[in-house]
>>> print(open('work.csv').read())   # CSV, C-alpha atoms
chain,number,residue,atom,x,y,z
P,165,MET,CA,114.6,78.9,54.1
P,166,PHE,CA,114.3,82.7,54.1
P,167,GLU,CA,112.5,82.5,50.8
P,168,ILE,CA,109.9,80.1,52.3
P,169,ILE,CA,109.4,82.4,55.3
P,170,SER,CA,109.1,85.5,53.1
P,171,SER,CA,106.6,83.7,50.9
P,172,GLY,CA,104.4,83.2,54.0
P,173,GLY,CA,103.4,86.9,54.1
P,174,ILE,CA,102.8,89.0,57.1
P,175,ALA,CA,101.0,86.3,59.1
P,176,ILE,CA,104.2,84.1,59.2
P,177,TRP,CA,106.0,86.5,61.6
P,178,PRO,CA,103.6,86.2,64.6
P,179,ILE,CA,103.7,82.4,64.0
P,180,ILE,CA,107.5,82.5,64.2
P,181,LEU,CA,107.3,84.6,67.4
P,182,CYS,CA,104.9,82.0,68.8
P,183,SER,CA,107.4,79.2,68.0
P,184,ILE,CA,110.2,81.0,69.8
P,185,ILE,CA,107.9,81.5,72.9
P,186,VAL,CA,106.9,77.8,72.8
P,187,MET,CA,110.6,76.7,72.7
P,188,ALA,CA,111.5,79.1,75.6
P,189,ILE,CA,108.6,77.9,77.8
P,190,VAL,CA,109.2,74.2,77.1
P,191,GLY,CA,112.9,74.5,78.0
P,192,GLU,CA,112.2,76.5,81.1
P,193,ARG,CA,109.4,74.1,82.3
P,194,PHE,CA,111.6,71.1,81.7
P,195,TRP,CA,114.2,72.7,83.9
P,196,ALA,CA,111.8,74.0,86.6
P,197,LEU,CA,109.7,70.8,86.9
P,198,ARG,CA,112.5,68.4,87.9
P,199,LYS,CA,111.1,66.1,90.5
P,200,ASN,CA,114.3,65.7,92.5
P,201,ILE,CA,114.4,69.5,93.0
P,202,ILE,CA,110.8,70.0,93.9
P,203,ILE,CA,110.4,66.9,96.0
P,204,PRO,CA,113.7,65.8,97.6
P,205,THR,CA,113.3,62.2,98.5
P,206,THR,CA,114.8,62.4,102.0
P,207,LEU,CA,113.3,65.7,103.1
P,208,VAL,CA,110.4,64.3,105.3
P,209,ALA,CA,112.9,62.0,107.0
P,210,GLN,CA,115.3,64.9,107.6
P,211,VAL,CA,112.5,67.0,109.1
P,212,TRP,CA,111.4,64.2,111.3
P,213,LYS,CA,114.9,63.7,112.5
P,214,TRP,CA,115.2,67.4,113.4
P,215,MET,CA,111.9,67.1,115.3
P,216,ASP,CA,112.9,64.0,117.1
P,217,GLU,CA,116.2,65.6,118.2
P,218,GLY,CA,114.5,68.8,119.2
P,219,LYS,CA,116.5,70.8,116.6
P,220,LEU,CA,113.6,72.2,114.5
P,221,ASP,CA,114.1,75.8,115.3
P,222,ASN,CA,113.2,79.0,113.4
P,223,GLN,CA,116.5,78.9,111.5
P,224,ARG,CA,115.8,75.4,110.2
P,225,LEU,CA,112.3,76.4,109.3
P,226,VAL,CA,113.6,79.3,107.2
P,227,PHE,CA,116.1,76.9,105.5
P,228,LEU,CA,113.2,74.4,104.9
P,229,ARG,CA,111.0,77.1,103.4
P,230,ASN,CA,113.7,78.1,100.9
P,231,HIS,CA,115.0,74.6,100.3
P,232,SER,CA,112.3,73.4,97.8
P,233,LEU,CA,108.6,73.7,97.0
P,234,LEU,CA,107.9,70.7,99.2
P,235,GLY,CA,110.0,72.3,101.9
P,236,TYR,CA,107.9,75.4,101.6
P,237,ILE,CA,104.7,73.4,102.2
P,238,LEU,CA,106.1,71.5,105.1
P,239,ALA,CA,107.5,74.7,106.7
P,240,SER,CA,104.2,76.4,106.4
P,241,GLY,CA,102.5,73.6,108.4
P,242,LEU,CA,105.3,73.1,110.9
P,243,VAL,CA,105.0,76.8,112.0
P,244,HIS,CA,101.6,75.8,113.4
P,245,ARG,CA,102.5,72.2,114.4
P,246,ASN,CA,101.1,72.5,117.9
P,247,ARG,CA,97.8,73.9,116.6
P,248,SER,CA,94.8,72.8,114.6
P,249,MET,CA,95.9,75.2,111.8
P,250,MET,CA,98.7,72.9,110.6
P,251,LYS,CA,96.7,71.1,107.9
P,252,SER,CA,95.0,74.2,106.6
P,253,SER,CA,98.3,76.1,106.4
P,254,MET,CA,99.8,73.3,104.3
P,255,GLU,CA,96.8,73.3,102.0
P,256,ASP,CA,97.1,77.1,101.5
P,257,ALA,CA,100.8,76.7,100.8
P,258,GLY,CA,100.0,73.8,98.4
P,259,ARG,CA,97.7,76.1,96.4
P,260,GLN,CA,100.5,78.7,96.1
P,261,VAL,CA,103.0,76.0,95.0
P,262,THR,CA,100.6,74.6,92.4
P,263,ALA,CA,100.3,78.1,90.9
P,264,LYS,CA,104.1,78.2,90.7
P,265,LEU,CA,104.2,74.8,89.0
P,266,GLU,CA,101.6,75.9,86.5
P,267,LYS,CA,103.5,79.1,85.7
P,268,ARG,CA,103.4,80.0,81.9
P,269,LEU,CA,101.4,76.8,81.0
P,270,ASN,CA,98.4,79.0,80.1
P,271,ILE,CA,100.6,80.8,77.6
P,272,LEU,CA,101.5,77.4,76.1
P,273,GLY,CA,97.9,76.4,75.9
P,274,SER,CA,96.9,79.8,74.4
P,275,ILE,CA,99.5,79.5,71.7
P,276,ALA,CA,98.3,76.0,70.8
P,277,GLU,CA,94.9,77.6,70.1
P,278,ILE,CA,96.1,80.8,68.5
P,279,ALA,CA,98.7,79.4,66.1
P,280,PRO,CA,96.2,77.6,63.8
P,281,LEU,CA,94.1,80.7,63.7
P,282,LEU,CA,97.2,82.7,62.6
P,283,GLY,CA,97.7,80.1,60.0
P,284,LEU,CA,94.1,80.4,58.9
P,285,LEU,CA,94.6,84.2,58.7
P,286,GLY,CA,97.5,83.7,56.4
P,287,THR,CA,95.4,81.3,54.3
P,288,VAL,CA,92.7,83.9,53.9
P,289,SER,CA,95.2,86.6,53.1
P,290,GLY,CA,96.9,84.4,50.5
P,291,MET,CA,93.5,83.5,48.9
P,292,ILE,CA,92.6,87.2,48.8
P,293,LYS,CA,95.9,88.0,47.0
P,294,MET,CA,95.3,85.1,44.6
P,295,PHE,CA,91.8,86.2,43.6
P,296,ALA,CA,93.0,89.8,43.3
P,297,MET,CA,95.7,88.7,40.8
P,298,ILE,CA,93.1,86.6,38.9
P,299,GLY,CA,91.1,89.8,38.6
P,300,GLU,CA,94.1,91.7,37.2
P,301,VAL,CA,95.9,89.1,34.9
P,302,GLY,CA,93.3,86.4,34.5
P,303,LEU,CA,93.9,82.6,34.8
P,304,GLY,CA,96.6,82.4,32.2
P,305,HIS,CA,99.5,83.2,34.4
P,306,PRO,CA,99.9,80.5,37.0
P,307,ALA,CA,103.4,81.8,38.1
P,308,VAL,CA,101.7,85.0,39.2
P,309,LEU,CA,98.9,83.2,41.1
P,310,SER,CA,101.4,80.9,42.9
P,311,ASN,CA,102.4,83.7,45.3
P,312,GLY,CA,99.0,83.9,46.9
P,313,LEU,CA,98.7,80.1,47.0
P,314,SER,CA,102.1,79.6,48.5
P,315,GLU,CA,101.3,82.1,51.2
P,316,ALA,CA,98.1,80.3,52.0
P,317,LEU,CA,99.8,76.9,52.2
P,318,ILE,CA,102.9,78.0,54.1
P,319,THR,CA,101.1,79.8,56.8
P,320,THR,CA,98.6,77.0,57.3
P,321,ALA,CA,101.4,74.5,57.7
P,322,ALA,CA,103.5,76.8,59.9
P,323,GLY,CA,100.5,77.4,62.2
P,324,LEU,CA,100.0,73.6,62.6
P,325,ILE,CA,103.7,73.0,63.1
P,326,VAL,CA,103.7,75.3,66.0
P,327,ALA,CA,100.3,74.4,67.5
P,328,ILE,CA,100.7,70.6,67.6
P,329,PRO,CA,103.9,70.5,69.7
P,330,ALA,CA,102.6,73.4,71.9
P,331,PHE,CA,99.4,71.3,72.6
P,332,ILE,CA,101.4,68.1,73.3
P,333,PHE,CA,103.8,69.9,75.7
P,334,TYR,CA,100.9,71.7,77.4
P,335,ARG,CA,99.2,68.4,78.1
P,336,TYR,CA,102.4,66.8,79.2
P,337,PHE,CA,103.3,69.5,81.6
P,338,ARG,CA,99.7,69.7,83.0
P,339,ALA,CA,100.0,65.9,83.7
P,340,LYS,CA,103.4,66.4,85.3
P,341,VAL,CA,102.1,69.2,87.5
P,342,ASP,CA,99.2,67.0,88.6
P,343,ASN,CA,101.6,64.2,89.5
P,344,LEU,CA,104.0,66.5,91.4
P,345,THR,CA,101.1,68.0,93.3
P,346,LEU,CA,99.8,64.6,94.3
P,347,SER,CA,103.3,63.5,95.4
P,348,MET,CA,103.7,66.6,97.6
P,349,GLU,CA,100.3,66.1,99.1
P,350,GLN,CA,101.3,62.5,100.0
P,351,GLU,CA,104.5,63.7,101.6
P,352,ALA,CA,102.7,66.3,103.6
P,353,ILE,CA,100.1,63.8,104.8
P,354,ARG,CA,102.9,61.4,105.8
P,355,LEU,CA,104.4,64.1,108.0
P,356,ILE,CA,101.0,64.9,109.6
P,357,GLU,CA,100.5,61.2,110.3
P,358,LEU,CA,103.9,60.9,112.0
P,359,LEU,CA,103.1,63.9,114.2
P,360,GLU,CA,99.6,62.5,115.1
P,361,ALA,CA,101.1,59.1,115.9
P,362,GLU,CA,103.7,60.8,118.1
P,363,ARG,CA,101.0,62.7,119.9
P,364,ARG,CA,98.9,59.6,120.5
P,365,SER,CA,101.9,57.7,121.9
>>> encode(input="work.csv", output="structure tokens")
Amino acid sequence: MFEIISSGGIAIWPIILCSIIVMAIVGERFWALRKNIIIPTTLVAQVWKWMDEGKLDNQRLVFLRNHSLLGYILASGLVHRNRSMMKSSMEDAGRQVTAKLEKRLNILGSIAEIAPLLGLLGTVSGMIKMFAMIGEVGLGHPAVLSNGLSEALITTAAGLIVAIPAFIFYRYFRAKVDNLTLSMEQEAIRLIELLEAERRS
């Protein structure tokens, strides 16, 4: 394995670094984007129960804000629940939460674009070495020429091996963030509708 890596030349090392970063981000995002942690299923019902019982005080709002990302959005609106600012406060909090959900995804997308270019750089470097050796020893020594060719092929393959999963996971997490954002928006709207129904009654 080390022989294959060392045959990839200098361009293989940034590709390996990219692969480590991709694995770290993928693992962290799988852990961070768990739906049951971000959007607890009974949270809106619990908030409504507190409000119905007159127990939604500042202490519970602080708890709600720190409970989950959905709780943060709900608490941001409930602070202004008796004013017209409630919906806009939730929208502002939603934008902040979306930014947290998208954390490090740009890095993943950038690696998906950069890794093939690093592979291409290794390909060019390997071809330059190969043609330099042809100039020195001619075409009669294929074993000498194979070093440049192996560097070209290894770095190209390595760049694609890193880029393809990075792109797949980038698209997967982007879709997951969109779904989570939509679900939180629906939960926030549900709470607003409950409050408006109570005011009308």
>>> atom_distance(input="work.csv", atom1="CA of Ala209 (chain P)", atom2="CA of Ser252 (chain P)")
21.7 Å
>>> closest_residue(input="work.csv", among="P:Ala196, P:Ile174, P:Leu242, P:Leu346", to="Gly286 (chain P)", atoms="all atoms listed in the file")
P:Ile174
>>> closest_residue(input="work.csv", among="P:Arg229, P:Leu220, P:Gln210, P:Gly258", to="Gln350 (chain P)", atoms="all atoms listed in the file")
P:Gly258
>>> closest_residue(input="work.csv", among="P:Val341, P:Ile176, P:Leu358, P:Ile202", to="Gly283 (chain P)", atoms="only C-alpha atoms")
P:Ile176
>>> residues_around(input="work.csv", residues="region 230-239 of chain P", least_positions_apart="5", cutoff="10 Å", atoms="all atoms listed in the file", output="MDAnalysis selection string")
chainID P and resid 200:204 207:208 211 222 224:225 244:245 250:251 253:262 264:265 344:345 347:349 351:353 355:356
>>> atom_distance(input="work.csv", atom1="CA of Phe227 (chain P)", atom2="CA of Glu357 (chain P)")
22.6 Å
>>> closest_residue(input="work.csv", among="P:Val190, P:Trp212, P:Trp177, P:Ser248", to="Tyr336 (chain P)", atoms="all atoms listed in the file")
P:Val190
>>> residues_around(input="work.csv", residues="Gly323 (chain P)", least_positions_apart="3", cutoff="7 Å", atoms="all atoms listed in the file", output="PDB file with C-alpha atoms, keeping the file's coordinate frame")
ATOM      1  CA  ILE P 179     103.700  82.400  64.000  1.00  0.00           C
ATOM      2  CA  ALA P 279      98.700  79.400  66.100  1.00  0.00           C
ATOM      3  CA  PRO P 280      96.200  77.600  63.800  1.00  0.00           C
ATOM      4  CA  LEU P 282      97.200  82.700  62.600  1.00  0.00           C
ATOM      5  CA  GLY P 283      97.700  80.100  60.000  1.00  0.00           C
ATOM      6  CA  THR P 319     101.100  79.800  56.800  1.00  0.00           C
ATOM      7  CA  THR P 320      98.600  77.000  57.300  1.00  0.00           C
ATOM      8  CA  VAL P 326     103.700  75.300  66.000  1.00  0.00           C
ATOM      9  CA  ALA P 327     100.300  74.400  67.500  1.00  0.00           C
TER      10      ALA P 327
END
>>> closest_residue(input="work.csv", among="P:Ala276, P:Ala188, P:Leu269, P:Ala316", to="Ala175 (chain P)", atoms="only C-alpha atoms")
P:Ala316
